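K.L.:
Following this line is target_35.cif, made up of mmCIF, C-alpha atoms:
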```cif
data_query
loop_
_atom_site.group_PDB
_atom_site.id
_atom_site.type_symbol
_atom_site.label_atom_id
_atom_site.label_comp_id
_atom_site.auth_asym_id
_atom_site.auth_seq_id
_atom_site.Cartn_x
_atom_site.Cartn_y
_atom_site.Cartn_z
ATOM 1 C CA MET A 846 -17.595 8.164 4.789
ATOM 2 C CA THR A 847 -15.477 7.623 1.683
ATOM 3 C CA ALA A 848 -16.620 5.700 -1.382
ATOM 4 C CA ILE A 849 -13.880 4.013 -3.380
ATOM 5 C CA ASP A 850 -13.774 3.778 -7.185
ATOM 6 C CA THR A 851 -12.729 0.582 -8.973
ATOM 7 C CA ASN A 852 -9.520 2.085 -10.333
ATOM 8 C CA VAL A 853 -8.115 2.533 -6.811
ATOM 9 C CA PHE A 854 -8.233 -1.228 -6.208
ATOM 10 C CA VAL A 855 -6.808 -1.992 -9.636
ATOM 11 C CA THR A 856 -3.920 0.324 -8.776
ATOM 12 C CA LEU A 857 -3.576 -1.252 -5.341
ATOM 13 C CA TRP A 858 -3.247 -4.674 -6.934
ATOM 14 C CA ASP A 859 -0.781 -3.426 -9.575
ATOM 15 C CA GLU A 860 2.676 -4.943 -9.426
ATOM 16 C CA ASN A 861 4.298 -1.505 -9.617
ATOM 17 C CA ALA A 862 5.586 -0.873 -6.071
ATOM 18 C CA ALA A 863 5.485 2.942 -6.377
ATOM 19 C CA VAL A 864 1.860 2.907 -7.515
ATOM 20 C CA TYR A 865 0.912 0.340 -4.858
ATOM 21 C CA SER A 866 2.306 2.452 -2.027
ATOM 22 C CA LYS A 867 0.375 5.538 -3.178
ATOM 23 C CA ALA A 868 -2.874 3.568 -3.421
ATOM 24 C CA ARG A 869 -2.287 1.989 -0.005
ATOM 25 C CA GLU A 870 -1.517 5.364 1.562
ATOM 26 C CA ALA A 871 -4.660 6.913 0.039
ATOM 27 C CA LEU A 872 -6.826 4.064 1.371
ATOM 28 C CA ASP A 873 -5.218 4.269 4.821
ATOM 29 C CA THR A 874 -5.810 8.019 4.927
ATOM 30 C CA ALA A 875 -9.435 7.591 3.872
ATOM 31 C CA LEU A 876 -9.968 4.896 6.517
ATOM 32 C CA SER A 877 -8.495 7.160 9.208
ATOM 33 C CA LEU A 878 -11.227 9.695 8.356
ATOM 34 C CA GLY A 879 -14.116 7.249 8.663
ATOM 35 C CA PRO A 880 -15.809 4.216 7.129
ATOM 36 C CA LEU A 881 -15.092 3.049 3.572
ATOM 37 C CA ILE A 882 -17.755 1.850 1.156
ATOM 38 C CA VAL A 883 -18.014 0.602 -2.408
ATOM 39 C CA ALA A 884 -21.074 0.527 -4.624
ATOM 40 C CA ALA A 885 -22.068 -2.879 -5.990
ATOM 41 C CA PRO A 886 -20.821 -2.008 -9.521
ATOM 42 C CA VAL A 887 -17.279 -1.675 -8.124
ATOM 43 C CA TYR A 888 -17.472 -5.246 -6.834
ATOM 44 C CA ALA A 889 -18.815 -6.442 -10.203
ATOM 45 C CA GLU A 890 -16.087 -4.647 -12.159
ATOM 46 C CA LEU A 891 -13.395 -6.147 -9.928
ATOM 47 C CA LEU A 892 -14.861 -9.635 -10.181
ATOM 48 C CA ALA A 893 -14.873 -9.359 -13.986
ATOM 49 C CA TRP A 894 -11.065 -9.673 -14.023
ATOM 50 C CA PRO A 895 -10.153 -13.310 -14.814
ATOM 51 C CA ALA A 896 -7.824 -13.922 -11.852
ATOM 52 C CA ARG A 897 -10.285 -12.731 -9.217
ATOM 53 C CA THR A 898 -12.823 -14.780 -7.299
ATOM 54 C CA GLU A 899 -15.713 -13.889 -5.025
ATOM 55 C CA ARG A 900 -13.837 -15.436 -2.122
ATOM 56 C CA MET A 901 -10.735 -13.310 -2.798
ATOM 57 C CA LEU A 902 -12.795 -10.116 -3.022
ATOM 58 C CA ASP A 903 -14.953 -10.937 0.019
ATOM 59 C CA GLU A 904 -11.875 -11.668 2.139
ATOM 60 C CA PHE A 905 -10.112 -8.516 0.929
ATOM 61 C CA PHE A 906 -13.090 -6.243 1.673
ATOM 62 C CA ALA A 907 -13.656 -7.832 5.087
ATOM 63 C CA LYS A 908 -9.989 -7.526 6.068
ATOM 64 C CA ALA A 909 -9.813 -3.934 4.779
ATOM 65 C CA ARG A 910 -13.062 -3.077 6.611
ATOM 66 C CA ILE A 911 -14.726 -1.866 3.421
ATOM 67 C CA VAL A 912 -18.498 -2.212 3.250
ATOM 68 C CA ILE A 913 -20.133 -3.261 -0.012
ATOM 69 C CA ASP A 914 -23.442 -1.496 -0.598
ATOM 70 C CA TRP A 915 -25.473 -4.044 -2.539
ATOM 71 C CA GLU A 916 -28.662 -1.953 -2.549
ATOM 72 C CA ILE A 917 -28.865 0.881 -5.047
ATOM 73 C CA PRO A 918 -31.949 3.054 -4.525
ATOM 74 C CA GLU A 919 -33.929 4.975 -7.117
ATOM 75 C CA GLN A 920 -32.222 8.295 -6.320
ATOM 76 C CA VAL A 921 -28.842 6.884 -7.375
ATOM 77 C CA TRP A 922 -30.213 5.711 -10.736
ATOM 78 C CA ARG A 923 -31.783 9.120 -11.377
ATOM 79 C CA ILE A 924 -28.572 10.998 -10.530
ATOM 80 C CA ALA A 925 -26.533 8.567 -12.659
ATOM 81 C CA GLY A 926 -28.882 8.918 -15.624
ATOM 82 C CA ALA A 927 -28.850 12.716 -15.474
ATOM 83 C CA ALA A 928 -25.047 12.816 -15.196
ATOM 84 C CA SER A 929 -24.694 10.387 -18.109
ATOM 85 C CA GLN A 930 -27.098 12.471 -20.184
ATOM 86 C CA GLY A 931 -25.047 15.617 -19.492
ATOM 87 C CA HIS A 932 -21.852 13.794 -20.412
ATOM 88 C CA ASN A 933 -23.365 12.509 -23.659
ATOM 89 C CA MET A 934 -24.600 15.982 -24.588
ATOM 90 C CA ARG A 935 -21.101 17.428 -24.035
ATOM 91 C CA ARG A 936 -19.639 14.610 -26.164
ATOM 92 C CA ARG A 937 -21.998 15.474 -29.016
ATOM 93 C CA VAL A 938 -21.132 19.166 -28.832
ATOM 94 C CA SER A 939 -17.402 18.394 -28.698
ATOM 95 C CA LYS A 940 -17.832 15.829 -31.497
ATOM 96 C CA GLY A 941 -16.421 13.031 -29.346
ATOM 97 C CA GLY A 942 -13.817 15.157 -27.564
ATOM 98 C CA GLU A 943 -14.675 13.461 -24.300
ATOM 99 C CA PRO A 944 -14.241 9.686 -24.120
ATOM 100 C CA ARG A 945 -17.304 7.463 -24.028
ATOM 101 C CA ARG A 946 -18.058 6.157 -20.534
ATOM 102 C CA ILE A 947 -20.012 3.147 -19.288
ATOM 103 C CA ILE A 948 -23.023 3.604 -17.006
ATOM 104 C CA ALA A 949 -21.195 1.944 -14.085
ATOM 105 C CA ASP A 950 -18.945 5.025 -13.865
ATOM 106 C CA PHE A 951 -21.994 7.225 -13.395
ATOM 107 C CA VAL A 952 -23.600 4.840 -10.884
ATOM 108 C CA ILE A 953 -20.397 4.886 -8.800
ATOM 109 C CA GLY A 954 -20.356 8.696 -8.736
ATOM 110 C CA ALA A 955 -24.096 8.941 -8.107
ATOM 111 C CA HIS A 956 -23.855 6.415 -5.275
ATOM 112 C CA ALA A 957 -21.193 8.505 -3.541
ATOM 113 C CA MET A 958 -23.155 11.718 -4.051
ATOM 114 C CA ALA A 959 -26.506 10.305 -2.892
ATOM 115 C CA ASN A 960 -24.906 8.890 0.257
ATOM 116 C CA GLY A 961 -23.030 12.081 1.145
ATOM 117 C CA CYS A 962 -19.655 10.377 0.685
ATOM 118 C CA SER A 963 -16.467 11.722 -0.742
ATOM 119 C CA LEU A 964 -15.107 9.624 -3.615
ATOM 120 C CA LEU A 965 -11.546 8.320 -3.829
ATOM 121 C CA THR A 966 -10.641 7.812 -7.484
ATOM 122 C CA LEU A 967 -7.872 8.220 -10.007
ATOM 123 C CA ASP A 968 -10.355 9.904 -12.347
ATOM 124 C CA ARG A 969 -10.806 13.213 -10.510
ATOM 125 C CA GLU A 970 -11.585 15.324 -13.591
ATOM 126 C CA PHE A 971 -14.363 13.032 -14.831
ATOM 127 C CA PHE A 972 -16.164 12.941 -11.494
ATOM 128 C CA GLN A 973 -15.754 16.667 -10.778
ATOM 129 C CA ARG A 974 -17.143 17.557 -14.213
ATOM 130 C CA ASN A 975 -20.083 15.148 -14.015
ATOM 131 C CA PHE A 976 -20.968 15.417 -10.318
ATOM 132 C CA PRO A 977 -20.677 19.051 -9.227
ATOM 133 C CA GLY A 978 -20.734 19.238 -5.458
ATOM 134 C CA LEU A 979 -19.195 15.791 -4.975
ATOM 135 C CA THR A 980 -15.985 15.868 -2.954
ATOM 136 C CA VAL A 981 -13.453 14.010 -5.069
ATOM 137 C CA LYS A 982 -10.162 12.797 -3.638
ATOM 138 C CA SER A 983 -7.301 11.446 -5.684
ATOM 139 C CA PHE A 984 -3.639 10.621 -5.577
ATOM 140 C CA PRO A 985 -0.909 10.867 -8.197
#
```
Show me the file's structure as structure tokens.
P.N.:
Amino acid sequence: MTAIDTNVFVTLWDENAAVYSKAREALDTALSLGPLIVAAPVYAELLAWPARTERMLDEFFAKARIVIDWEIPEQVWRIAGAASQGHNMRRRVSKGGEPRRIIADFVIGAHAMANGCSLLTLDREFFQRNFPGLTVKSFP
């Protein structure tokens, strides 16, 4: 199973044809390997964009055969909190050398890890550094 990060959909919906085709190809490849899933925070982040509606997102996910996991168990929150803590400690040591991240980023990575999924994202380095052992897939 492959979990999909928010930035993949943002890229997919970008008007840049070259970027769109790479995002589409990455999603098609992931789907050919098994089911696709998104954590609830991905849905929320996508819905936060002004031009998007619940109906648009629901229809897109249904048509693309992507499952939305609305339930986030305790294990995911614990993994996310520990990863965020590690990130914040590295930021302090580097005196802000790493960018600040929101908790949703950590929940998305923790959700993939806890469910034994690989994660398709444009932010490979962030997820590899913060979730050792998570299989991270990306595209240029």
K.L.:
With distances taken over all atoms listed in the file, which of A:Phe951, A:Ala927, A:Thr966, A:Glu943 is nearest to Lys982 (chain A)?
P.N.:
A:Thr966
K.L.:
Using the chain letters and numbers from this file, what does the PyMOL selection byres ((chain A and resi 944-948) around 12) select? Give the answer as a PyMOL selection string.
P.N.:
chain A and resi 886-887+890+921-937+939-943+949-955+968+971-972+975
K.L.:
Residues proximal to (-12.9, 7.7, 3.2) were defined as those with any atom within 7 Å of that point in the file's coordinates, counting all atoms listed in the file. Which are they, as a PyMOL selection string?
P.N.:
chain A and resi 846-848+875-876+878-881+963
K.L.:
So how far away is CA of Ala957 (chain A) from CA of Glu899 (chain A), in Å?
P.N.:
23.1 Å
K.L.:
Hey, can you check how far CA of Arg900 (chain A) sits from CA of Thr874 (chain A)?
P.N.:
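Atom-to-atom, CA of Arg900 (chain A) and CA of Thr874 (chain A) are spaced 25.8 Å apart.
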K.L.:
Could you give me, as a list in words, the residues within 12 Å of Leu902 (chain A), counting only C-alpha atoms and dropping anything in the same chain fewer than 3 positions from it?
P.N.:
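Final neighbour list, sorted by chain and number: Phe854, Trp858, Val883, Val887, Tyr888, Ala889, Glu890, Leu891, Leu892, Ala893, Trp894, Ala896, Arg897, Thr898, Glu899, Phe905, Phe906, Ala907, Lys908, Ala909, Arg910, Ile911, Val912 and Ile913 of chain A.
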K.L.:
Separation of CA of Cys962 (chain A) and CA of Leu979 (chain A), in Å?
P.N.:
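The value is 7.8 Å.
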K.L.:
Would you compute the box with edges along x, y and z of the file around region 968-978 of chain A, including every atom the file lists for it and 8 Å extra on each side, and give its centre and edge lengths in Å to one decimal, as lines of an AutoDock Vina configuration file?
P.N.:
```
center_x = -15.7
center_y = 14.6
center_z = -10.1
size_x = 26.6
size_y = 25.3
size_z = 25.4
```
